[in-house]
$ cat final.cif   # mmCIF, C-alpha atoms
data_work
loop_
_atom_site.group_PDB
_atom_site.id
_atom_site.type_symbol
_atom_site.label_atom_id
_atom_site.label_comp_id
_atom_site.auth_asym_id
_atom_site.auth_seq_id
_atom_site.Cartn_x
_atom_site.Cartn_y
_atom_site.Cartn_z
ATOM 1 C CA MET A 1 0.000 0.000 0.000
ATOM 2 C CA ILE A 2 1.348 3.428 -0.969
ATOM 3 C CA LEU A 3 1.296 6.302 1.520
ATOM 4 C CA TYR A 4 0.575 9.671 -0.082
ATOM 5 C CA PRO A 5 1.399 12.602 2.222
ATOM 6 C CA ALA A 6 -0.885 15.501 1.381
ATOM 7 C CA ILE A 7 -0.054 19.080 0.532
ATOM 8 C CA ASP A 8 -3.239 21.120 0.238
ATOM 9 C CA LEU A 9 -2.588 24.567 -1.182
ATOM 10 C CA LYS A 10 -4.523 27.690 -0.216
ATOM 11 C CA ASP A 11 -3.124 31.083 -1.170
ATOM 12 C CA GLY A 12 0.293 29.523 -1.779
ATOM 13 C CA ALA A 13 0.606 27.880 1.655
ATOM 14 C CA CYS A 14 0.222 24.311 2.927
ATOM 15 C CA VAL A 15 -3.036 24.075 4.863
ATOM 16 C CA ARG A 16 -5.531 21.535 6.081
ATOM 17 C CA LEU A 17 -9.261 22.081 5.993
ATOM 18 C CA GLN A 18 -11.886 20.516 8.202
ATOM 19 C CA GLN A 19 -14.605 18.764 6.189
ATOM 20 C CA GLY A 20 -13.732 20.796 3.096
ATOM 21 C CA ASP A 21 -14.591 24.168 4.658
ATOM 22 C CA MET A 22 -12.271 26.898 3.317
ATOM 23 C CA GLN A 23 -13.119 29.018 6.361
ATOM 24 C CA ARG A 24 -11.740 26.289 8.654
ATOM 25 C CA ALA A 25 -8.201 26.215 7.306
ATOM 26 C CA THR A 26 -5.071 25.759 9.408
ATOM 27 C CA VAL A 27 -1.746 26.832 7.879
ATOM 28 C CA PHE A 28 1.012 24.298 8.591
ATOM 29 C CA ASN A 29 3.788 25.499 6.312
ATOM 30 C CA ASP A 30 4.135 28.578 4.111
ATOM 31 C CA ASP A 31 6.840 26.884 1.997
ATOM 32 C CA PRO A 32 5.325 24.017 -0.031
ATOM 33 C CA ALA A 33 8.656 23.052 -1.612
ATOM 34 C CA ALA A 34 10.292 22.671 1.794
ATOM 35 C CA GLN A 35 7.352 20.567 2.954
ATOM 36 C CA ALA A 36 7.744 18.309 -0.060
ATOM 37 C CA GLN A 37 11.452 17.892 0.714
ATOM 38 C CA GLN A 38 10.594 16.798 4.260
ATOM 39 C CA PHE A 39 8.281 14.119 2.914
ATOM 40 C CA ALA A 40 10.885 12.948 0.408
ATOM 41 C CA ALA A 41 13.607 12.812 3.062
ATOM 42 C CA ALA A 42 11.388 10.523 5.148
ATOM 43 C CA GLY A 43 11.186 8.067 2.251
ATOM 44 C CA CYS A 44 7.933 8.951 0.501
ATOM 45 C CA THR A 45 7.794 8.227 -3.225
ATOM 46 C CA TRP A 46 4.511 10.039 -3.984
ATOM 47 C CA ILE A 47 2.990 13.347 -2.846
ATOM 48 C CA HIS A 48 -0.711 14.164 -3.090
ATOM 49 C CA VAL A 49 -1.294 17.837 -3.943
ATOM 50 C CA VAL A 50 -4.599 19.708 -4.090
ATOM 51 C CA ASP A 51 -5.066 23.238 -5.415
ATOM 52 C CA LEU A 52 -7.887 24.198 -3.062
ATOM 53 C CA ASN A 53 -8.391 27.664 -4.531
ATOM 54 C CA GLY A 54 -8.430 26.069 -7.964
ATOM 55 C CA ALA A 55 -11.121 23.595 -6.948
ATOM 56 C CA PHE A 56 -13.483 26.478 -6.214
ATOM 57 C CA ALA A 57 -12.332 28.686 -9.101
ATOM 58 C CA GLY A 58 -12.542 25.911 -11.688
ATOM 59 C CA LYS A 59 -9.032 26.676 -12.938
ATOM 60 C CA PRO A 60 -5.471 26.458 -11.568
ATOM 61 C CA VAL A 61 -4.674 29.125 -8.957
ATOM 62 C CA ASN A 62 -1.612 27.836 -7.082
ATOM 63 C CA ALA A 63 0.479 26.967 -10.142
ATOM 64 C CA ASP A 64 3.716 28.453 -8.797
ATOM 65 C CA ALA A 65 3.440 26.458 -5.581
ATOM 66 C CA VAL A 66 2.679 23.239 -7.469
ATOM 67 C CA CYS A 67 5.665 23.727 -9.748
ATOM 68 C CA SER A 68 7.912 24.372 -6.757
ATOM 69 C CA ILE A 69 6.808 21.065 -5.232
ATOM 70 C CA VAL A 70 7.468 19.170 -8.479
ATOM 71 C CA ALA A 71 10.933 20.727 -8.775
ATOM 72 C CA ALA A 72 11.900 20.188 -5.132
ATOM 73 C CA THR A 73 12.069 16.370 -5.078
ATOM 74 C CA ASP A 74 12.142 13.220 -7.180
ATOM 75 C CA CYS A 75 8.778 12.157 -5.740
ATOM 76 C CA GLN A 76 5.936 11.570 -8.141
ATOM 77 C CA VAL A 77 3.141 14.106 -7.711
ATOM 78 C CA GLN A 78 -0.572 13.498 -8.147
ATOM 79 C CA LEU A 79 -2.561 16.710 -8.409
ATOM 80 C CA GLY A 80 -6.216 17.672 -8.202
ATOM 81 C CA GLY A 81 -8.213 20.875 -7.981
ATOM 82 C CA GLY A 82 -9.495 23.094 -10.769
ATOM 83 C CA VAL A 83 -8.787 20.743 -13.663
ATOM 84 C CA ARG A 84 -11.695 21.087 -16.059
ATOM 85 C CA ASP A 85 -10.256 20.752 -19.602
ATOM 86 C CA MET A 86 -7.683 18.913 -21.689
ATOM 87 C CA ALA A 87 -5.408 21.936 -21.997
ATOM 88 C CA THR A 88 -5.033 22.118 -18.217
ATOM 89 C CA ILE A 89 -4.385 18.375 -17.972
ATOM 90 C CA GLU A 90 -1.678 18.543 -20.616
ATOM 91 C CA ASN A 91 -0.149 21.657 -19.077
ATOM 92 C CA TRP A 92 0.257 19.940 -15.717
ATOM 93 C CA LEU A 93 1.721 16.785 -17.259
ATOM 94 C CA GLU A 94 4.178 18.890 -19.252
ATOM 95 C CA ARG A 95 5.203 20.625 -16.022
ATOM 96 C CA GLY A 96 6.136 17.332 -14.427
ATOM 97 C CA VAL A 97 2.984 16.250 -12.590
ATOM 98 C CA SER A 98 2.794 12.455 -12.781
ATOM 99 C CA ARG A 99 -0.949 11.988 -12.316
ATOM 100 C CA VAL A 100 -3.831 14.426 -12.739
ATOM 101 C CA ILE A 101 -6.984 13.894 -10.681
ATOM 102 C CA LEU A 102 -10.358 14.733 -12.199
ATOM 103 C CA GLY A 103 -13.166 15.199 -9.682
ATOM 104 C CA THR A 104 -15.868 17.634 -10.706
ATOM 105 C CA ALA A 105 -15.075 16.855 -14.341
ATOM 106 C CA ALA A 106 -15.736 13.161 -13.711
ATOM 107 C CA VAL A 107 -19.323 14.007 -12.787
ATOM 108 C CA LYS A 108 -20.014 16.840 -15.213
ATOM 109 C CA GLN A 109 -17.681 15.996 -18.130
ATOM 110 C CA PRO A 110 -17.284 12.207 -18.303
ATOM 111 C CA ASP A 111 -16.169 12.384 -21.925
ATOM 112 C CA LEU A 112 -13.183 14.476 -20.825
ATOM 113 C CA VAL A 113 -12.086 11.708 -18.472
ATOM 114 C CA ARG A 114 -12.293 9.114 -21.230
ATOM 115 C CA GLN A 115 -10.449 11.338 -23.710
ATOM 116 C CA ALA A 116 -7.725 12.109 -21.154
ATOM 117 C CA CYS A 117 -7.253 8.411 -20.344
ATOM 118 C CA ARG A 118 -6.889 7.590 -24.028
ATOM 119 C CA SER A 119 -4.412 10.417 -24.622
ATOM 120 C CA HIS A 120 -2.421 9.949 -21.411
ATOM 121 C CA PRO A 121 -2.710 6.334 -20.232
ATOM 122 C CA GLY A 122 -1.558 5.786 -16.674
ATOM 123 C CA HIS A 123 -1.628 9.483 -15.830
ATOM 124 C CA ILE A 124 -5.309 10.150 -15.073
ATOM 125 C CA ALA A 125 -7.089 9.483 -11.786
ATOM 126 C CA VAL A 126 -10.680 10.102 -10.771
ATOM 127 C CA GLY A 127 -11.407 11.834 -7.484
ATOM 128 C CA ILE A 128 -14.593 10.641 -5.803
ATOM 129 C CA ASP A 129 -15.497 12.821 -2.842
ATOM 130 C CA ALA A 130 -18.547 11.606 -0.931
ATOM 131 C CA LYS A 131 -20.689 13.254 1.707
ATOM 132 C CA GLY A 132 -23.454 11.164 3.203
ATOM 133 C CA GLY A 133 -22.847 8.610 0.483
ATOM 134 C CA ARG A 134 -23.362 11.099 -2.365
ATOM 135 C CA VAL A 135 -20.662 12.510 -4.613
ATOM 136 C CA ALA A 136 -19.796 16.181 -4.009
ATOM 137 C CA VAL A 137 -18.315 18.496 -6.649
ATOM 138 C CA GLU A 138 -17.083 22.082 -7.167
ATOM 139 C CA GLY A 139 -14.682 21.992 -4.243
ATOM 140 C CA TRP A 140 -17.283 20.009 -2.252
ATOM 141 C CA ALA A 141 -19.660 22.974 -2.440
ATOM 142 C CA GLU A 142 -22.313 20.986 -4.364
ATOM 143 C CA GLU A 143 -23.734 17.521 -3.794
ATOM 144 C CA SER A 144 -24.857 15.362 -6.706
ATOM 145 C CA GLU A 145 -27.372 12.507 -6.742
ATOM 146 C CA MET A 146 -24.714 10.006 -7.794
ATOM 147 C CA THR A 147 -23.172 7.472 -5.415
ATOM 148 C CA ALA A 148 -19.463 6.707 -5.302
ATOM 149 C CA THR A 149 -20.019 3.219 -6.718
ATOM 150 C CA GLU A 150 -22.090 4.579 -9.604
ATOM 151 C CA LEU A 151 -19.386 7.078 -10.504
ATOM 152 C CA ALA A 152 -16.651 4.440 -10.359
ATOM 153 C CA ALA A 153 -18.689 2.136 -12.602
ATOM 154 C CA ARG A 154 -18.994 4.903 -15.198
ATOM 155 C CA PHE A 155 -15.241 4.665 -15.861
ATOM 156 C CA GLU A 156 -14.654 0.966 -15.312
ATOM 157 C CA ASP A 157 -13.459 0.471 -18.885
ATOM 158 C CA ALA A 158 -11.873 3.903 -19.416
ATOM 159 C CA GLY A 159 -8.360 3.090 -18.245
ATOM 160 C CA VAL A 160 -8.341 5.243 -15.108
ATOM 161 C CA ALA A 161 -5.065 4.775 -13.202
ATOM 162 C CA ALA A 162 -6.595 5.180 -9.741
ATOM 163 C CA ILE A 163 -9.611 6.373 -7.801
ATOM 164 C CA VAL A 164 -9.016 8.742 -4.893
ATOM 165 C CA TYR A 165 -11.931 8.196 -2.520
ATOM 166 C CA THR A 166 -12.500 10.860 0.127
ATOM 167 C CA ASP A 167 -15.077 10.695 2.896
ATOM 168 C CA ILE A 168 -15.745 14.418 3.382
ATOM 169 C CA ASP A 169 -17.324 13.973 6.794
ATOM 170 C CA ARG A 170 -14.037 12.547 8.073
ATOM 171 C CA ASP A 171 -11.622 14.772 6.185
ATOM 172 C CA GLY A 172 -9.335 16.765 8.449
ATOM 173 C CA VAL A 173 -11.058 15.784 11.695
ATOM 174 C CA LEU A 174 -8.888 12.776 12.679
ATOM 175 C CA THR A 175 -11.804 10.479 13.494
ATOM 176 C CA GLY A 176 -10.491 7.495 11.563
ATOM 177 C CA PRO A 177 -11.029 6.524 7.913
ATOM 178 C CA ASN A 178 -14.233 5.029 6.587
ATOM 179 C CA VAL A 179 -12.678 1.615 6.040
ATOM 180 C CA ALA A 180 -15.942 -0.164 5.234
ATOM 181 C CA ALA A 181 -17.023 2.269 2.508
ATOM 182 C CA THR A 182 -13.534 2.422 1.002
ATOM 183 C CA ALA A 183 -13.177 -1.360 0.951
ATOM 184 C CA ALA A 184 -16.644 -1.720 -0.572
ATOM 185 C CA LEU A 185 -15.713 0.685 -3.355
ATOM 186 C CA ALA A 186 -12.446 -1.166 -3.958
ATOM 187 C CA ASP A 187 -14.431 -4.396 -4.264
ATOM 188 C CA ALA A 188 -16.849 -2.817 -6.728
ATOM 189 C CA THR A 189 -14.220 -1.734 -9.249
ATOM 190 C CA ALA A 190 -11.084 -3.130 -10.821
ATOM 191 C CA THR A 191 -9.457 0.314 -10.594
ATOM 192 C CA PRO A 192 -7.016 0.744 -7.672
ATOM 193 C CA VAL A 193 -8.616 2.755 -4.854
ATOM 194 C CA ILE A 194 -6.751 5.245 -2.650
ATOM 195 C CA ALA A 195 -8.319 6.075 0.718
ATOM 196 C CA SER A 196 -8.525 9.669 1.962
ATOM 197 C CA GLY A 197 -10.026 11.319 5.019
ATOM 198 C CA GLY A 198 -9.772 10.732 8.751
ATOM 199 C CA VAL A 199 -6.432 8.925 9.123
ATOM 200 C CA ALA A 200 -5.059 9.669 12.589
ATOM 201 C CA SER A 201 -2.812 6.787 13.666
ATOM 202 C CA LEU A 202 -0.841 3.685 12.768
ATOM 203 C CA ASP A 203 -3.873 1.665 13.826
ATOM 204 C CA ASP A 204 -5.907 3.406 11.116
ATOM 205 C CA LEU A 205 -3.292 2.454 8.530
ATOM 206 C CA GLN A 206 -3.336 -1.131 9.760
ATOM 207 C CA ARG A 207 -7.119 -1.303 9.429
ATOM 208 C CA LEU A 208 -6.936 -0.011 5.872
ATOM 209 C CA LYS A 209 -4.165 -2.448 5.016
ATOM 210 C CA ASP A 210 -6.130 -5.357 6.499
ATOM 211 C CA ALA A 211 -9.414 -4.428 4.805
ATOM 212 C CA PRO A 212 -11.113 -7.522 3.366
ATOM 213 C CA GLY A 213 -11.774 -8.106 -0.296
ATOM 214 C CA ARG A 214 -9.813 -6.822 -3.242
ATOM 215 C CA GLY A 215 -7.777 -4.490 -1.021
ATOM 216 C CA ILE A 216 -7.047 -0.773 -0.839
ATOM 217 C CA ALA A 217 -4.100 0.374 -2.957
ATOM 218 C CA GLY A 218 -3.067 3.524 -1.102
ATOM 219 C CA VAL A 219 -3.846 6.019 1.614
ATOM 220 C CA ILE A 220 -3.569 9.796 1.863
ATOM 221 C CA SER A 221 -2.679 11.491 5.143
ATOM 222 C CA GLY A 222 -2.437 15.177 5.922
ATOM 223 C CA ARG A 223 -3.349 16.630 9.305
ATOM 224 C CA ALA A 224 -2.088 13.596 11.261
ATOM 225 C CA LEU A 225 1.351 14.046 9.712
ATOM 226 C CA TYR A 226 1.471 17.798 10.265
ATOM 227 C CA GLU A 227 0.390 17.525 13.892
ATOM 228 C CA GLY A 228 2.825 14.711 14.668
ATOM 229 C CA ARG A 229 0.150 12.118 15.396
ATOM 230 C CA LEU A 230 1.526 9.933 12.618
ATOM 231 C CA ASP A 231 5.259 9.399 12.179
ATOM 232 C CA LEU A 232 6.234 8.773 8.573
ATOM 233 C CA THR A 233 9.034 6.295 9.304
ATOM 234 C CA PRO A 234 6.936 3.618 11.064
ATOM 235 C CA ALA A 235 3.981 4.409 8.800
ATOM 236 C CA LEU A 236 6.001 3.681 5.663
ATOM 237 C CA ALA A 237 7.459 0.550 7.266
ATOM 238 C CA LEU A 238 3.985 -0.697 8.170
ATOM 239 C CA LEU A 239 2.567 -0.227 4.716
ATOM 240 C CA ASP A 240 5.637 -1.800 3.099
ATOM 241 C CA GLY A 241 5.083 -4.817 5.294
ATOM 242 C CA SER A 242 8.522 -4.539 6.874
#
$ encode --input "final.cif" --output "structure tokens"
Amino acid sequence: MILYPAIDLKDGACVRLQQGDMQRATVFNDDPAAQAQQFAAAGCTWIHVVDLNGAFAGKPVNADAVCSIVAATDCQVQLGGGVRDMATIENWLERGVSRVILGTAAVKQPDLVRQACRSHPGHIAVGIDAKGGRVAVEGWAEESEMTATELAARFEDAGVAAIVYTDIDRDGVLTGPNVAATAALADATATPVIASGGVASLDDLQRLKDAPGRGIAGVISGRALYEGRLDLTPALALLDGS
């Protein structure tokens, strides 16, 4: 299982939100590149980056910060937030982002997801953010009528590299991940599923790793890392099985 430390960008700084609320943001580091270097030094191979301003604006906002993260380490970067068209996808890939996450576009522009997967195989992920079991879009400001499983099924044959599944109710509040819902989604699709939201301890990572069924491919952690509740060294060792 891959551990993806999270860098959420708001106004150029690394922050964490509580339940997706931009008014409940805590700044943890005003130097995203330095934060990325800390993660790389601990042994991380991937970094999960979200342009929070971009998610609400519908276009990239924190481009300079993202580029600084990409340039700072050899880690692969997966990026979401404000990606709504092919030009933006291609721009990010050209700038060194390894995987682009499509969230709102997956609900509102499914043809874009399919086109992107055909043009850039292995480099496109779908972000499924659920609140009360329903998919939320536009920076989590809107709820749709679609369930996470329904959205995953829409792209079962599209060639999506991964699904990033976030339980919004647990995001940033350190109450533990929704293991059951994440494992159920992983069982419902052949696409690798990455868990996000609520991770607070090594025990949480163990529960995700031990989830029954097809298995969960990765996990994203943010606040627990920044607040020192989760130490990267034992976390990486646990997920590597060592």
$ closest_residue --input "final.cif" --among "A:Ile194, A:Val49, A:Ala184, A:Val113" --to "Glu156 (chain A)" --atoms "all atoms listed in the file"
A:Val113
$ atom_distance --input "final.cif" --atom1 "CA of Trp46 (chain A)" --atom2 "CA of Leu3 (chain A)"
7.4 Å
$ residues_around --input "final.cif" --residues "region 203-218 of chain A" --least-positions-apart "3" --cutoff "8 Å" --atoms "all atoms listed in the file" --output "number ranges by chain"
A: 1-4, 176-177, 179-180, 182-183, 186-187, 192-195, 199-200, 235, 238-239
$ closest_atom_pairs --input "final.cif" --of "region 67-112 of chain A" --to "region 116-139 of chain A" --cutoff "7 Å" --atoms "all atoms listed in the file" --output "Markdown table"
| residue | atom | partner | partner_atom | distance |
| --- | --- | --- | --- | --- |
| A:Met86 | CA | A:Ala116 | CA | 6.8 |
| A:Ser98 | CA | A:His123 | CA | 6.1 |
| A:Arg99 | CA | A:His123 | CA | 4.4 |
| A:Val100 | CA | A:Ile124 | CA | 5.1 |
| A:Ile101 | CA | A:Ala125 | CA | 4.5 |
| A:Leu102 | CA | A:Val126 | CA | 4.9 |
| A:Gly103 | CA | A:Gly127 | CA | 4.4 |
| A:Thr104 | CA | A:Val137 | CA | 4.8 |
| A:Ala106 | CA | A:Val126 | CA | 6.6 |
| A:Leu112 | CA | A:Ala116 | CA | 6.0 |
$ resolve_selection --input "final.cif" --expression "the PyMOL selection byres ((chain A and resi 223) around 9)" --output "compact mmCIF listing (two decimals) with C-alpha atoms, in the coordinates of the input"
# COMPACT_ATOMS: atom_id res chain seq x y z
CA ALA A 6 -0.88 15.50 1.38
CA VAL A 15 -3.04 24.08 4.86
CA ARG A 16 -5.53 21.54 6.08
CA LEU A 17 -9.26 22.08 5.99
CA PHE A 28 1.01 24.30 8.59
CA GLY A 172 -9.34 16.76 8.45
CA VAL A 173 -11.06 15.78 11.70
CA LEU A 174 -8.89 12.78 12.68
CA GLY A 198 -9.77 10.73 8.75
CA VAL A 199 -6.43 8.93 9.12
CA ALA A 200 -5.06 9.67 12.59
CA SER A 221 -2.68 11.49 5.14
CA GLY A 222 -2.44 15.18 5.92
CA ALA A 224 -2.09 13.60 11.26
CA LEU A 225 1.35 14.05 9.71
CA TYR A 226 1.47 17.80 10.26
CA GLU A 227 0.39 17.52 13.89
CA GLY A 228 2.82 14.71 14.67
CA ARG A 229 0.15 12.12 15.40
CA LEU A 230 1.53 9.93 12.62
$ residues_around --input "final.cif" --residues "Gly96 (chain A)" --least-positions-apart "6" --cutoff "12 Å" --atoms "only C-alpha atoms" --output "number ranges by chain"
A: 63, 66-79, 89-90, 123
$ axis_aligned_box --input "final.cif" --around "region 154-173 of chain A" --padding-each-side "8 Å" --output "AutoDock Vina command-line options"
--center_x -12.0 --center_y 8.6 --center_z -3.9 --size_x 29.9 --size_y 32.3 --size_z 47.1
$ closest_residue --input "final.cif" --among "A:Asn62, A:Gln109, A:Gln35, A:Asn53" --to "Leu151 (chain A)" --atoms "only C-alpha atoms"
A:Gln109
$ closest_residue --input "final.cif" --among "A:Ala42, A:Ile7, A:Met146, A:Ala153" --to "Gly80 (chain A)" --atoms "all atoms listed in the file"
A:Ile7
$ resolve_selection --input "final.cif" --expression "the PyMOL selection byres ((chain A and resi 9) around 7)" --output "JSON, numbers by chain"
{"A": [7, 8, 10, 11, 12, 13, 14, 15, 50, 51, 52, 62]}
$ write_last_selection --input "final.cif" --atoms "C-alpha atoms" --output "PDB file, in the coordinates of the input"
ATOM      1  CA  ILE A   7      -0.054  19.080   0.532  1.00  0.00           C
ATOM      2  CA  ASP A   8      -3.239  21.120   0.238  1.00  0.00           C
ATOM      3  CA  LYS A  10      -4.523  27.690  -0.216  1.00  0.00           C
ATOM      4  CA  ASP A  11      -3.124  31.083  -1.170  1.00  0.00           C
ATOM      5  CA  GLY A  12       0.293  29.523  -1.779  1.00  0.00           C
ATOM      6  CA  ALA A  13       0.606  27.880   1.655  1.00  0.00           C
ATOM      7  CA  CYS A  14       0.222  24.311   2.927  1.00  0.00           C
ATOM      8  CA  VAL A  15      -3.036  24.075   4.863  1.00  0.00           C
ATOM      9  CA  VAL A  50      -4.599  19.708  -4.090  1.00  0.00           C
ATOM     10  CA  ASP A  51      -5.066  23.238  -5.415  1.00  0.00           C
ATOM     11  CA  LEU A  52      -7.887  24.198  -3.062  1.00  0.00           C
ATOM     12  CA  ASN A  62      -1.612  27.836  -7.082  1.00  0.00           C
TER      13      ASN A  62
END
$ atom_distance --input "final.cif" --atom1 "CA of Val61 (chain A)" --atom2 "CA of Val83 (chain A)"
10.5 Å
$ atom_distance --input "final.cif" --atom1 "CA of Gly82 (chain A)" --atom2 "CA of Lys108 (chain A)"
13.0 Å
$ decode --input "final.cif" --residues "region 14-41 of chain A" --atoms "N, CA and C atoms" --output "PDB file, in the first residue's frame"
ATOM      1  N   CYS A  14       0.707  25.649   2.607  1.00  0.00           N
ATOM      2  CA  CYS A  14       0.222  24.311   2.927  1.00  0.00           C
ATOM      3  C   CYS A  14      -0.778  24.423   4.065  1.00  0.00           C
ATOM      4  N   VAL A  15      -1.996  23.982   3.838  1.00  0.00           N
ATOM      5  CA  VAL A  15      -3.036  24.075   4.863  1.00  0.00           C
ATOM      6  C   VAL A  15      -3.758  22.743   4.970  1.00  0.00           C
ATOM      7  N   ARG A  16      -4.572  22.619   6.002  1.00  0.00           N
ATOM      8  CA  ARG A  16      -5.531  21.535   6.081  1.00  0.00           C
ATOM      9  C   ARG A  16      -6.884  22.141   6.414  1.00  0.00           C
ATOM     10  N   LEU A  17      -7.894  21.656   5.722  1.00  0.00           N
ATOM     11  CA  LEU A  17      -9.261  22.081   5.993  1.00  0.00           C
ATOM     12  C   LEU A  17      -9.948  21.053   6.878  1.00  0.00           C
ATOM     13  N   GLN A  18     -11.028  21.461   7.498  1.00  0.00           N
ATOM     14  CA  GLN A  18     -11.886  20.516   8.202  1.00  0.00           C
ATOM     15  C   GLN A  18     -13.170  20.353   7.406  1.00  0.00           C
ATOM     16  N   GLN A  19     -13.403  19.125   6.953  1.00  0.00           N
ATOM     17  CA  GLN A  19     -14.605  18.764   6.189  1.00  0.00           C
ATOM     18  C   GLN A  19     -14.805  19.651   4.962  1.00  0.00           C
ATOM     19  N   GLY A  20     -13.679  20.051   4.341  1.00  0.00           N
ATOM     20  CA  GLY A  20     -13.732  20.796   3.096  1.00  0.00           C
ATOM     21  C   GLY A  20     -14.136  22.247   3.223  1.00  0.00           C
ATOM     22  N   ASP A  21     -14.153  22.790   4.441  1.00  0.00           N
ATOM     23  CA  ASP A  21     -14.591  24.168   4.658  1.00  0.00           C
ATOM     24  C   ASP A  21     -13.398  25.112   4.561  1.00  0.00           C
ATOM     25  N   MET A  22     -13.384  25.972   3.524  1.00  0.00           N
ATOM     26  CA  MET A  22     -12.271  26.898   3.317  1.00  0.00           C
ATOM     27  C   MET A  22     -12.134  27.899   4.461  1.00  0.00           C
ATOM     28  N   GLN A  23     -13.185  28.097   5.221  1.00  0.00           N
ATOM     29  CA  GLN A  23     -13.119  29.018   6.361  1.00  0.00           C
ATOM     30  C   GLN A  23     -12.529  28.337   7.600  1.00  0.00           C
ATOM     31  N   ARG A  24     -12.322  27.035   7.530  1.00  0.00           N
ATOM     32  CA  ARG A  24     -11.740  26.289   8.654  1.00  0.00           C
ATOM     33  C   ARG A  24     -10.404  25.713   8.217  1.00  0.00           C
ATOM     34  N   ALA A  25      -9.514  26.602   7.807  1.00  0.00           N
ATOM     35  CA  ALA A  25      -8.201  26.215   7.306  1.00  0.00           C
ATOM     36  C   ALA A  25      -7.125  26.523   8.344  1.00  0.00           C
ATOM     37  N   THR A  26      -6.222  25.567   8.531  1.00  0.00           N
ATOM     38  CA  THR A  26      -5.071  25.759   9.408  1.00  0.00           C
ATOM     39  C   THR A  26      -3.816  25.730   8.552  1.00  0.00           C
ATOM     40  N   VAL A  27      -2.994  26.779   8.641  1.00  0.00           N
ATOM     41  CA  VAL A  27      -1.746  26.832   7.879  1.00  0.00           C
ATOM     42  C   VAL A  27      -0.673  26.063   8.641  1.00  0.00           C
ATOM     43  N   PHE A  28      -0.034  25.096   7.960  1.00  0.00           N
ATOM     44  CA  PHE A  28       1.012  24.298   8.591  1.00  0.00           C
ATOM     45  C   PHE A  28       2.399  24.631   8.064  1.00  0.00           C
ATOM     46  N   ASN A  29       2.482  25.154   6.868  1.00  0.00           N
ATOM     47  CA  ASN A  29       3.788  25.499   6.312  1.00  0.00           C
ATOM     48  C   ASN A  29       3.568  26.482   5.178  1.00  0.00           C
ATOM     49  N   ASP A  30       4.295  27.601   5.193  1.00  0.00           N
ATOM     50  CA  ASP A  30       4.135  28.578   4.111  1.00  0.00           C
ATOM     51  C   ASP A  30       5.134  28.352   2.984  1.00  0.00           C
ATOM     52  N   ASP A  31       5.870  27.225   3.037  1.00  0.00           N
ATOM     53  CA  ASP A  31       6.840  26.884   1.997  1.00  0.00           C
ATOM     54  C   ASP A  31       6.548  25.472   1.487  1.00  0.00           C
ATOM     55  N   PRO A  32       5.706  25.345   0.465  1.00  0.00           N
ATOM     56  CA  PRO A  32       5.325  24.017  -0.031  1.00  0.00           C
ATOM     57  C   PRO A  32       6.502  23.173  -0.511  1.00  0.00           C
ATOM     58  N   ALA A  33       7.499  23.808  -1.125  1.00  0.00           N
ATOM     59  CA  ALA A  33       8.656  23.052  -1.612  1.00  0.00           C
ATOM     60  C   ALA A  33       9.429  22.439  -0.452  1.00  0.00           C
ATOM     61  N   ALA A  34       9.592  23.199   0.618  1.00  0.00           N
ATOM     62  CA  ALA A  34      10.292  22.671   1.794  1.00  0.00           C
ATOM     63  C   ALA A  34       9.510  21.526   2.423  1.00  0.00           C
ATOM     64  N   GLN A  35       8.184  21.647   2.424  1.00  0.00           N
ATOM     65  CA  GLN A  35       7.352  20.567   2.954  1.00  0.00           C
ATOM     66  C   GLN A  35       7.520  19.304   2.124  1.00  0.00           C
ATOM     67  N   ALA A  36       7.544  19.457   0.822  1.00  0.00           N
ATOM     68  CA  ALA A  36       7.744  18.309  -0.060  1.00  0.00           C
ATOM     69  C   ALA A  36       9.091  17.647   0.206  1.00  0.00           C
ATOM     70  N   GLN A  37      10.124  18.442   0.437  1.00  0.00           N
ATOM     71  CA  GLN A  37      11.452  17.892   0.714  1.00  0.00           C
ATOM     72  C   GLN A  37      11.460  17.100   2.016  1.00  0.00           C
ATOM     73  N   GLN A  38      10.697  17.551   3.007  1.00  0.00           N
ATOM     74  CA  GLN A  38      10.594  16.798   4.260  1.00  0.00           C
ATOM     75  C   GLN A  38       9.972  15.427   4.018  1.00  0.00           C
ATOM     76  N   PHE A  39       8.927  15.397   3.218  1.00  0.00           N
ATOM     77  CA  PHE A  39       8.281  14.119   2.914  1.00  0.00           C
ATOM     78  C   PHE A  39       9.226  13.196   2.155  1.00  0.00           C
ATOM     79  N   ALA A  40       9.950  13.750   1.196  1.00  0.00           N
ATOM     80  CA  ALA A  40      10.885  12.948   0.408  1.00  0.00           C
ATOM     81  C   ALA A  40      12.015  12.405   1.281  1.00  0.00           C
ATOM     82  N   ALA A  41      12.513  13.230   2.186  1.00  0.00           N
ATOM     83  CA  ALA A  41      13.607  12.812   3.062  1.00  0.00           C
ATOM     84  C   ALA A  41      13.194  11.658   3.972  1.00  0.00           C
TER      85      ALA A  41
END
